[in-house]
>>> print(open('work-v8.cif').read())   # mmCIF, C-alpha atoms
data_protein
#
loop_
_atom_site.label_atom_id
_atom_site.label_comp_id
_atom_site.auth_asym_id
_atom_site.auth_seq_id
_atom_site.Cartn_x
_atom_site.Cartn_y
_atom_site.Cartn_z
CA MET A 8 0.00 0.00 0.00
CA LYS A 9 0.92 3.68 -0.16
CA ALA A 10 1.68 5.52 3.09
CA TRP A 11 3.30 8.83 3.97
CA ARG A 12 6.31 8.43 6.26
CA VAL A 13 8.56 10.87 8.07
CA HIS A 14 12.20 9.80 7.85
CA ALA A 15 13.75 12.82 9.61
CA ASN A 16 12.39 15.73 11.60
CA GLY A 17 11.74 19.03 9.85
CA GLU A 18 9.10 20.92 7.91
CA PRO A 19 6.32 18.58 6.70
CA ARG A 20 6.79 19.39 3.01
CA ALA A 21 10.48 18.50 3.26
CA VAL A 22 10.39 15.38 5.44
CA MET A 23 7.18 13.56 4.47
CA ARG A 24 7.67 10.93 1.76
CA LEU A 25 5.04 8.78 0.03
CA ASP A 26 6.35 5.22 0.30
CA ASP A 27 5.30 1.75 -0.75
CA VAL A 28 4.99 -0.32 2.45
CA PRO A 29 3.61 -3.78 3.29
CA ASP A 30 -0.12 -3.97 3.87
CA PRO A 31 -0.96 -4.09 7.60
CA GLN A 32 -2.90 -7.02 9.04
CA ALA A 33 -5.58 -7.15 11.72
CA GLY A 34 -3.84 -8.64 14.75
CA PRO A 35 -5.56 -9.90 17.91
CA GLY A 36 -7.99 -7.28 19.18
CA GLN A 37 -7.54 -5.15 16.07
CA LEU A 38 -9.57 -4.03 13.08
CA LEU A 39 -8.09 -3.48 9.64
CA LEU A 40 -9.51 -0.28 8.16
CA ARG A 41 -9.53 1.20 4.70
CA VAL A 42 -8.92 4.90 5.28
CA ARG A 43 -11.80 6.89 3.79
CA ALA A 44 -10.68 10.26 5.19
CA ALA A 45 -7.92 11.47 7.49
CA GLY A 46 -8.14 14.84 9.24
CA VAL A 47 -5.06 17.06 9.22
CA ASN A 48 -4.29 18.40 12.69
CA PHE A 49 -1.67 20.79 14.03
CA PRO A 50 -0.09 17.92 16.03
CA ASP A 51 0.72 16.27 12.68
CA ALA A 52 2.95 19.24 11.90
CA LEU A 53 4.51 19.14 15.37
CA LEU A 54 5.17 15.42 14.95
CA CYS A 55 7.01 16.10 11.70
CA ARG A 56 9.10 18.77 13.41
CA GLY A 57 9.84 16.56 16.42
CA GLN A 58 8.13 19.10 18.69
CA TYR A 59 5.14 17.08 19.89
CA GLN A 60 4.96 15.61 23.40
CA VAL A 61 5.05 12.16 21.79
CA ARG A 62 8.03 11.37 19.54
CA PRO A 63 7.43 8.14 17.62
CA PRO A 64 10.43 6.26 16.20
CA LEU A 65 11.49 7.13 12.67
CA PRO A 66 10.20 6.44 10.12
CA PHE A 67 6.58 6.96 11.14
CA THR A 68 3.29 7.71 9.41
CA PRO A 69 1.47 10.82 10.74
CA GLY A 70 -2.31 11.20 10.77
CA VAL A 71 -3.98 11.08 14.18
CA GLU A 72 -7.69 10.83 13.28
CA ILE A 73 -9.53 9.01 10.52
CA CYS A 74 -12.86 7.86 9.23
CA GLY A 75 -12.46 4.34 7.91
CA GLU A 76 -14.26 1.24 6.69
CA VAL A 77 -13.71 -2.10 8.41
CA LEU A 78 -12.09 -4.61 6.06
CA ALA A 79 -11.12 -7.37 8.51
CA VAL A 80 -11.69 -8.26 12.16
CA GLY A 81 -8.82 -9.70 14.21
CA ALA A 82 -9.13 -12.49 16.74
CA GLY A 83 -11.05 -11.41 19.82
CA ALA A 84 -12.03 -8.05 18.33
CA THR A 85 -15.55 -6.71 17.99
CA GLY A 86 -16.54 -5.19 14.67
CA ALA A 87 -18.33 -5.79 11.40
CA VAL A 88 -16.84 -5.79 7.92
CA GLY A 89 -18.17 -2.79 6.00
CA GLN A 90 -18.88 -0.72 9.12
CA ARG A 91 -17.91 2.98 8.88
CA VAL A 92 -16.02 4.05 11.98
CA LEU A 93 -13.87 6.75 13.57
CA ALA A 94 -10.45 5.85 14.90
CA GLN A 95 -7.21 7.28 16.23
CA PRO A 96 -4.42 5.14 14.75
CA ALA A 97 -1.59 4.42 17.17
CA LEU A 98 1.71 5.89 16.03
CA PRO A 99 4.07 5.06 14.42
CA GLN A 100 1.39 3.73 12.02
CA GLY A 101 -0.82 6.79 11.52
CA GLY A 102 -3.70 7.53 9.20
CA PHE A 103 -2.06 9.13 6.14
CA ALA A 104 -2.15 5.78 4.37
CA GLU A 105 -4.48 3.61 2.35
CA LEU A 106 -4.89 1.02 5.14
CA VAL A 107 -4.33 1.00 8.89
CA ALA A 108 -4.77 -1.48 11.74
CA VAL A 109 -6.28 -0.06 14.94
CA ASP A 110 -7.23 -1.26 18.41
CA ALA A 111 -10.90 -2.26 18.16
CA ALA A 112 -11.58 -0.96 21.67
CA THR A 113 -10.81 2.61 20.58
CA VAL A 114 -13.10 2.61 17.53
CA ARG A 115 -16.43 4.48 17.52
CA PRO A 116 -19.27 4.53 14.98
CA ALA A 117 -19.08 7.31 12.39
CA PRO A 118 -22.08 9.69 12.56
CA GLU A 119 -24.46 8.97 9.69
CA ALA A 120 -25.27 12.66 9.31
CA LEU A 121 -21.73 13.50 8.20
CA ASP A 122 -19.70 12.59 5.13
CA ASP A 123 -16.29 10.93 5.52
CA ALA A 124 -14.24 14.13 5.80
CA GLU A 125 -16.72 15.73 8.23
CA ALA A 126 -16.89 12.57 10.33
CA ALA A 127 -13.10 12.40 10.63
CA ALA A 128 -13.03 16.07 11.67
CA LEU A 129 -15.68 15.56 14.36
CA HIS A 130 -13.39 13.55 16.57
CA ILE A 131 -10.37 15.34 18.08
CA GLY A 132 -11.36 18.97 17.48
CA TYR A 133 -14.93 18.61 18.72
CA GLN A 134 -14.02 16.32 21.61
CA THR A 135 -11.43 18.90 22.64
CA GLY A 136 -13.99 21.69 22.34
CA TRP A 137 -16.63 19.82 24.30
CA PHE A 138 -14.30 18.89 27.16
CA GLY A 139 -12.81 22.38 27.21
CA LEU A 140 -16.13 24.19 27.31
CA HIS A 141 -18.16 21.79 29.43
CA ARG A 142 -15.79 19.75 31.63
CA ARG A 143 -13.13 22.40 32.23
CA ALA A 144 -14.87 25.78 31.90
CA ARG A 145 -18.43 24.71 32.82
CA LEU A 146 -19.88 27.07 30.20
CA GLN A 147 -23.45 28.12 31.04
CA PRO A 148 -26.28 29.28 28.74
CA GLY A 149 -26.21 33.05 28.37
CA GLU A 150 -22.52 33.40 29.15
CA THR A 151 -20.11 35.09 26.75
CA LEU A 152 -17.55 32.88 25.02
CA LEU A 153 -14.51 34.39 23.31
CA VAL A 154 -12.92 32.08 20.71
CA HIS A 155 -9.52 32.79 19.17
CA ALA A 156 -8.74 31.48 15.66
CA ALA A 157 -12.49 31.12 15.16
CA ALA A 158 -12.12 30.16 11.48
CA GLY A 159 -9.59 27.39 12.16
CA GLY A 160 -10.19 23.71 12.76
CA VAL A 161 -10.12 23.91 16.56
CA GLY A 162 -11.74 27.33 16.86
CA SER A 163 -14.60 26.61 14.45
CA ALA A 164 -15.55 23.57 16.55
CA ALA A 165 -15.62 25.70 19.71
CA VAL A 166 -17.81 28.31 18.00
CA GLN A 167 -20.43 25.73 17.01
CA LEU A 168 -20.33 24.00 20.39
CA GLY A 169 -20.64 27.33 22.17
CA LYS A 170 -23.71 28.28 20.18
CA ALA A 171 -25.21 24.83 20.77
CA ALA A 172 -24.72 25.42 24.51
CA GLY A 173 -26.60 28.73 24.38
CA ALA A 174 -23.58 31.04 24.73
CA TYR A 175 -23.08 34.49 23.21
CA VAL A 176 -20.03 33.89 21.02
CA ILE A 177 -17.36 36.41 20.06
CA GLY A 178 -14.98 35.08 17.42
CA VAL A 179 -11.51 36.42 16.60
CA ALA A 180 -10.05 35.77 13.13
CA GLY A 181 -7.37 37.21 10.89
CA GLY A 182 -8.58 39.10 7.80
CA ALA A 183 -11.88 39.84 6.12
CA GLU A 184 -12.30 36.38 4.57
CA LYS A 185 -11.74 34.58 7.87
CA ALA A 186 -14.08 37.01 9.58
CA ARG A 187 -16.76 36.15 7.02
CA ILE A 188 -16.30 32.44 7.72
CA ALA A 189 -16.50 33.01 11.48
CA ARG A 190 -19.74 34.95 10.99
CA GLU A 191 -21.21 32.13 8.90
CA LEU A 192 -20.29 29.66 11.65
CA GLY A 193 -22.65 31.54 13.96
CA CYS A 194 -20.52 34.04 15.89
CA ASP A 195 -22.63 36.84 17.35
CA VAL A 196 -19.69 39.24 17.08
CA VAL A 197 -16.62 38.82 14.85
CA LEU A 198 -13.37 40.68 15.45
CA ASP A 199 -10.44 40.99 13.06
CA ARG A 200 -7.22 40.69 15.06
CA ARG A 201 -5.39 42.65 12.34
CA THR A 202 -7.53 45.78 12.57
CA ASP A 203 -9.64 45.66 15.75
CA ASP A 204 -8.68 46.53 19.29
CA ILE A 205 -9.67 43.14 20.66
CA VAL A 206 -9.75 44.16 24.33
CA ALA A 207 -11.84 47.28 23.74
CA ARG A 208 -14.24 45.53 21.35
CA VAL A 209 -14.84 42.62 23.75
CA LYS A 210 -15.59 45.04 26.58
CA ASP A 211 -17.91 47.05 24.32
CA ALA A 212 -19.77 43.89 23.27
CA THR A 213 -20.25 42.80 26.88
CA GLY A 214 -21.15 46.12 28.50
CA GLY A 215 -17.73 46.32 30.13
CA ARG A 216 -17.98 42.92 31.81
CA GLY A 217 -15.66 40.92 29.55
CA ALA A 218 -15.80 37.31 28.39
CA ASP A 219 -16.90 34.65 30.85
CA VAL A 220 -14.98 31.94 29.01
CA VAL A 221 -12.02 32.29 26.66
CA TYR A 222 -11.07 29.40 24.36
CA ASP A 223 -7.45 29.84 23.30
CA PRO A 224 -5.67 27.48 20.90
CA VAL A 225 -3.19 30.20 19.87
CA GLY A 226 -1.25 31.42 22.92
CA GLY A 227 1.17 34.34 22.68
CA ASP A 228 -0.49 37.72 22.11
CA ALA A 229 -3.95 36.11 21.99
CA TYR A 230 -3.53 34.90 25.56
CA ALA A 231 -2.17 38.27 26.70
CA ARG A 232 -5.21 40.06 25.27
CA SER A 233 -7.53 37.53 26.86
CA THR A 234 -6.30 38.33 30.36
CA LYS A 235 -7.24 41.98 29.77
CA CYS A 236 -10.82 41.27 28.74
CA VAL A 237 -11.80 38.22 30.79
CA ALA A 238 -14.71 38.76 33.17
CA PHE A 239 -14.78 38.56 36.95
CA GLU A 240 -14.64 34.84 37.78
CA GLY A 241 -13.97 34.16 34.09
CA ARG A 242 -12.17 31.09 32.80
CA ILE A 243 -9.40 30.97 30.20
CA VAL A 244 -9.06 27.52 28.63
CA VAL A 245 -5.54 26.95 27.29
CA VAL A 246 -5.85 24.50 24.39
CA GLY A 247 -2.58 24.96 22.50
CA PHE A 248 0.01 27.34 21.13
CA ALA A 249 -0.54 27.49 17.37
CA GLY A 250 0.86 31.02 17.38
CA GLY A 251 4.25 29.58 18.26
CA THR A 252 4.72 31.28 21.65
CA VAL A 253 3.95 29.66 24.98
CA PRO A 254 2.79 32.46 27.32
CA THR A 255 4.02 32.86 30.88
CA PRO A 256 0.94 33.66 33.00
CA ALA A 257 1.21 36.48 35.52
CA LEU A 258 -0.42 34.73 38.47
CA ASN A 259 -0.65 37.95 40.44
CA HIS A 260 -2.90 39.27 37.66
CA ALA A 261 -5.12 36.17 37.88
CA LEU A 262 -5.32 36.72 41.63
CA VAL A 263 -6.25 40.39 41.38
CA LYS A 264 -8.91 39.87 38.68
CA ASN A 265 -10.33 36.60 40.06
CA TYR A 266 -10.10 34.54 36.88
CA SER A 267 -9.06 30.92 36.34
CA ILE A 268 -6.49 29.53 33.93
CA LEU A 269 -7.50 26.02 32.87
CA GLY A 270 -5.25 23.63 30.97
CA LEU A 271 -6.73 21.07 28.61
CA HIS A 272 -4.97 17.95 27.34
CA TRP A 273 -7.86 16.01 25.82
CA GLY A 274 -5.76 12.91 25.12
CA LEU A 275 -5.47 12.22 28.85
CA TYR A 276 -9.18 11.45 28.99
CA LEU A 277 -8.58 8.46 26.72
CA THR A 278 -6.68 6.77 29.53
CA LYS A 279 -7.99 8.54 32.65
CA ASP A 280 -11.71 8.55 31.83
CA PRO A 281 -12.52 6.70 28.57
CA ALA A 282 -16.19 6.43 29.52
CA ALA A 283 -16.41 10.23 29.37
CA VAL A 284 -14.97 10.15 25.84
CA ASP A 285 -17.62 7.63 24.81
CA ALA A 286 -20.38 9.76 26.33
CA CYS A 287 -19.04 12.84 24.56
CA HIS A 288 -19.04 10.98 21.23
CA GLU A 289 -22.68 10.07 21.72
CA GLU A 290 -23.56 13.69 22.42
CA LEU A 291 -21.58 14.95 19.42
CA THR A 292 -23.30 12.38 17.20
CA GLU A 293 -26.68 13.64 18.42
CA LEU A 294 -25.67 17.27 17.83
CA ALA A 295 -24.56 16.38 14.30
CA ALA A 296 -27.82 14.50 13.64
CA ARG A 297 -29.88 17.59 14.42
CA GLY A 298 -27.55 19.93 12.56
CA ALA A 299 -26.29 21.81 15.62
CA VAL A 300 -22.68 21.05 14.63
CA LYS A 301 -21.19 20.39 11.22
CA PRO A 302 -17.40 20.39 10.84
CA LEU A 303 -16.04 23.08 8.55
CA ILE A 304 -13.92 21.37 5.88
CA GLY A 305 -11.53 23.89 4.37
CA GLY A 306 -10.30 21.55 1.66
CA ARG A 307 -10.12 17.93 0.54
CA VAL A 308 -7.00 16.48 -1.05
CA PRO A 309 -6.06 13.07 -2.45
CA LEU A 310 -3.41 11.00 -0.67
CA ALA A 311 -0.70 12.56 -2.85
CA GLY A 312 -1.54 16.00 -1.42
CA ALA A 313 -1.12 15.13 2.26
CA ALA A 314 2.32 16.69 2.75
CA GLU A 315 1.18 20.01 1.29
CA ALA A 316 -1.93 19.93 3.47
CA VAL A 317 0.12 19.36 6.63
CA GLN A 318 2.44 22.20 5.61
CA ARG A 319 -0.56 24.52 5.16
CA VAL A 320 -1.74 23.72 8.67
CA ALA A 321 1.78 24.16 10.05
CA GLU A 322 1.89 27.67 8.57
CA GLY A 323 -1.64 28.56 9.68
CA ARG A 324 -2.78 28.85 6.03
CA SER A 325 -6.00 26.87 6.24
CA THR A 326 -9.58 27.30 7.37
CA GLY A 327 -11.54 24.68 9.23
CA ARG A 328 -10.12 21.19 8.94
CA LEU A 329 -8.27 19.90 5.87
CA ALA A 330 -8.97 16.28 4.96
CA VAL A 331 -6.94 13.67 3.08
CA LEU A 332 -9.06 11.26 0.99
CA PRO A 333 -6.87 8.28 -0.02
CA GLY A 334 -9.53 6.92 -2.37
CA ALA A 335 -9.77 10.11 -4.43
CA ALA A 336 -7.93 10.12 -7.74
CA PRO A 337 -5.46 13.00 -8.31
CA GLY A 338 -7.08 15.83 -10.24
CA THR A 339 -10.63 15.03 -9.09
CA LEU A 340 -10.68 17.44 -6.12
CA PRO A 341 -10.47 21.25 -6.16
CA ALA A 342 -7.07 22.71 -5.31
CA LEU A 343 -6.59 24.01 -1.80
CA PRO A 344 -7.48 27.70 -1.58
CA ASP A 345 -4.61 30.15 -1.24
CA THR A 346 -5.24 31.13 2.35
CA GLU A 347 -3.24 33.46 4.58
CA ASP A 348 -2.55 32.95 8.27
CA VAL A 349 -5.92 32.35 10.02
CA ARG A 350 -4.72 32.79 13.57
#
>>> encode(input="work-v8.cif", output="structure tokens")
Amino acid sequence: MKAWRVHANGEPRAVMRLDDVPDPQAGPGQLLLRVRAAGVNFPDALLCRGQYQVRPPLPFTPGVEICGEVLAVGAGATGAVGQRVLAQPALPQGGFAELVAVDAATVRPAPEALDDAEAAALHIGYQTGWFGLHRRARLQPGETLLVHAAAGGVGSAAVQLGKAAGAYVIGVAGGAEKARIARELGCDVVLDRRTDDIVARVKDATGGRGADVVYDPVGGDAYARSTKCVAFEGRIVVVGFAGGTVPTPALNHALVKNYSILGLHWGLYLTKDPAAVDACHEELTELAARGAVKPLIGGRVPLAGAAEAVQRVAEGRSTGRLAVLPGAAPGTLPALPDTEDVR
């Protein structure tokens, strides 16, 4: 089969190589899946660079979330041939490949309401958003939610989940086109980080109170601005540092303003509380069935385009979630839009 592999750490475009490798087999407790769609996530770029918290042995195949079709069921595994499922392939054998073997216990049914690319994108980004907003920040109906990078894959999920929870959502994006996308996603107020005074505009939109919850996958300046416009007893959820700078919180400021800084590492729930992950998947499936959430797919590429897609995400030049479709023939999908930094 064909699979992308990283043979040395560096920029995705430079270090990812499309190789011919032996077909995987379904071992005990495993399912063999045909990859129908693989979501491109920022951790894929960090894995290529050797900057992720997990460093798989070289060479490895990136791709941390997929929608796949069951082709074979290993001994002792539960599954049905032909079933459409969501999975997180265990590195070093990731999802940017034609086939992948996964632990059957980690597989979940793909929502019928979503196509393959949308279903793949529902998993990590929306699970992260749900746990961040509901388990960590305890977002309440009527509260104000400020979402940074609202047109990106992680931010767009938080916008939709915030609206589904009854929040008043303020989205921050970079540029007029990204602002338009954020508005279409349902933001009540959209701010352009390039031209707007974010702190002043958030205070204006909230009558001087500030945002009750801030969802920050960017870090750096975005985090610094958030501390200046978070409400009394507000909560800042730190999701990641796509902006490239890890902020150093001034804890005296948090003390004086009475706000909370909440870290979120969603992957820990897979081992610490897997039942909560299952319950979240059921809720997300129900939200998708009634149209309350629908992943924003910023582009679909064939398997041959995976390295370029990962590079786009690494540089912040994508909207929503990009998806790799291994079954699509080259030339049958529109080219990725020429998008500037969305953060």
>>> resolve_selection(input="work-v8.cif", expression="the PyMOL selection byres ((chain A and resi 79) around 6)", output="list in words")
Leu38, Leu39, Val77, Leu78, Val80 and Val88 of chain A
>>> residues_around(input="work-v8.cif", residues="stretch 222-234 of chain A", least_positions_apart="4", cutoff="6 Å", atoms="all atoms listed in the file", output="CSV table (one decimal) with C-alpha atoms, keeping the file's coordinate frame")
chain,number,residue,atom,x,y,z
A,154,VAL,CA,-12.9,32.1,20.7
A,155,HIS,CA,-9.5,32.8,19.2
A,244,VAL,CA,-9.1,27.5,28.6
A,245,VAL,CA,-5.5,27.0,27.3
A,246,VAL,CA,-5.8,24.5,24.4
A,247,GLY,CA,-2.6,25.0,22.5
A,248,PHE,CA,0.0,27.3,21.1
A,249,ALA,CA,-0.5,27.5,17.4
A,250,GLY,CA,0.9,31.0,17.4
A,252,THR,CA,4.7,31.3,21.6
A,253,VAL,CA,4.0,29.7,25.0
A,254,PRO,CA,2.8,32.5,27.3
>>> resolve_selection(input="work-v8.cif", expression="the PyMOL selection byres ((chain A and resi 63) around 6)", output="VMD selection string")
chain A and resid 62 64 99
>>> resolve_selection(input="work-v8.cif", expression="the PyMOL selection byres ((chain A and resi 263) around 12)", output="list in words")
Thr234, Lys235, Ala238, Phe239, Glu240, Ala257, Leu258, Asn259, His260, Ala261, Leu262, Lys264, Asn265, Tyr266 and Ser267 of chain A
>>> axis_aligned_box(input="work-v8.cif", around="stretch 194-211 of chain A", padding_each_side="4 Å", output="AutoDock Vina command-line options")
--center_x -14.0 --center_y 40.7 --center_z 19.5 --size_x 25.2 --size_y 21.2 --size_z 22.2
>>> closest_residue(input="work-v8.cif", among="A:Trp137, A:Asp122, A:Gly274, A:Thr326", to="A:Gly181", atoms="all atoms listed in the file")
A:Thr326
>>> closest_residue(input="work-v8.cif", among="A:Thr85, A:Gln37, A:Gln60, A:Ser325", to="A:Ala180", atoms="all atoms listed in the file")
A:Ser325
>>> residues_around(input="work-v8.cif", residues="stretch 330-333 of chain A", least_positions_apart="2", cutoff="6 Å", atoms="all atoms listed in the file", output="VMD selection string")
chain A and resid 43 to 47 105 124 307 to 310 335
>>> closest_residue(input="work-v8.cif", among="A:Thr202, A:Gln100, A:Thr68, A:Gln134", to="A:Arg24", atoms="all atoms listed in the file")
A:Thr68
>>> residues_around(input="work-v8.cif", residues="A:Ala189", least_positions_apart="5", cutoff="12 Å", atoms="only C-alpha atoms", output="PyMOL selection string")
chain A and resi 154-160+162-167+176-184+194-199+303+326-327+349-350
>>> residues_near_point(input="work-v8.cif", point="(-17.0, -2.4, 20.7)", cutoff="9 Å", atoms="all atoms listed in the file", output="MDAnalysis selection string")
chainID A and resid 84:86 111:115
>>> residues_around(input="work-v8.cif", residues="A:Val42", least_positions_apart="3", cutoff="9 Å", atoms="only C-alpha atoms", output="list in words")
Ala45, Ile73, Cys74, Gly75, Glu76, Gly102, Phe103, Ala104, Glu105, Leu106, Val107, Leu332, Pro333 and Gly334 of chain A
>>> atom_distance(input="work-v8.cif", atom1="atom CA of A:Gly17", atom2="atom CA of A:Cys55")
5.9 Å
>>> residues_around(input="work-v8.cif", residues="A:Ala52", least_positions_apart="2", cutoff="7 Å", atoms="all atoms listed in the file", output="short mmCIF file (atom, residue, chain, number, x, y, z; two decimals) with C-alpha atoms, in the coordinates of the input")
data_model
loop_
_atom_site.label_atom_id
_atom_site.label_comp_id
_atom_site.auth_asym_id
_atom_site.auth_seq_id
_atom_site.Cartn_x
_atom_site.Cartn_y
_atom_site.Cartn_z
CA PRO A 19 6.32 18.58 6.70
CA PHE A 49 -1.67 20.79 14.03
CA PRO A 50 -0.09 17.92 16.03
CA LEU A 54 5.17 15.42 14.95
CA CYS A 55 7.01 16.10 11.70
CA ARG A 56 9.10 18.77 13.41
CA VAL A 317 0.12 19.36 6.63
CA GLN A 318 2.44 22.20 5.61
CA ALA A 321 1.78 24.16 10.05
#
>>> atom_distance(input="work-v8.cif", atom1="atom CA of A:Asp219", atom2="atom CA of A:Asp204")
18.5 Å
>>> closest_residue(input="work-v8.cif", among="A:Met23, A:Val13, A:Ala299, A:Leu65", to="A:Gly169", atoms="only C-alpha atoms")
A:Ala299
>>> closest_residue(input="work-v8.cif", among="A:Pro35, A:Gly306, A:Gly149, A:Gly193", to="A:Tyr175", atoms="all atoms listed in the file")
A:Gly149
>>> closest_residue(input="work-v8.cif", among="A:Val300, A:Ala314, A:Val220, A:Ala286", to="A:Leu140", atoms="only C-alpha atoms")
A:Val220
>>> atom_distance(input="work-v8.cif", atom1="atom CA of A:Gly305", atom2="atom CA of A:Pro69")
19.5 Å
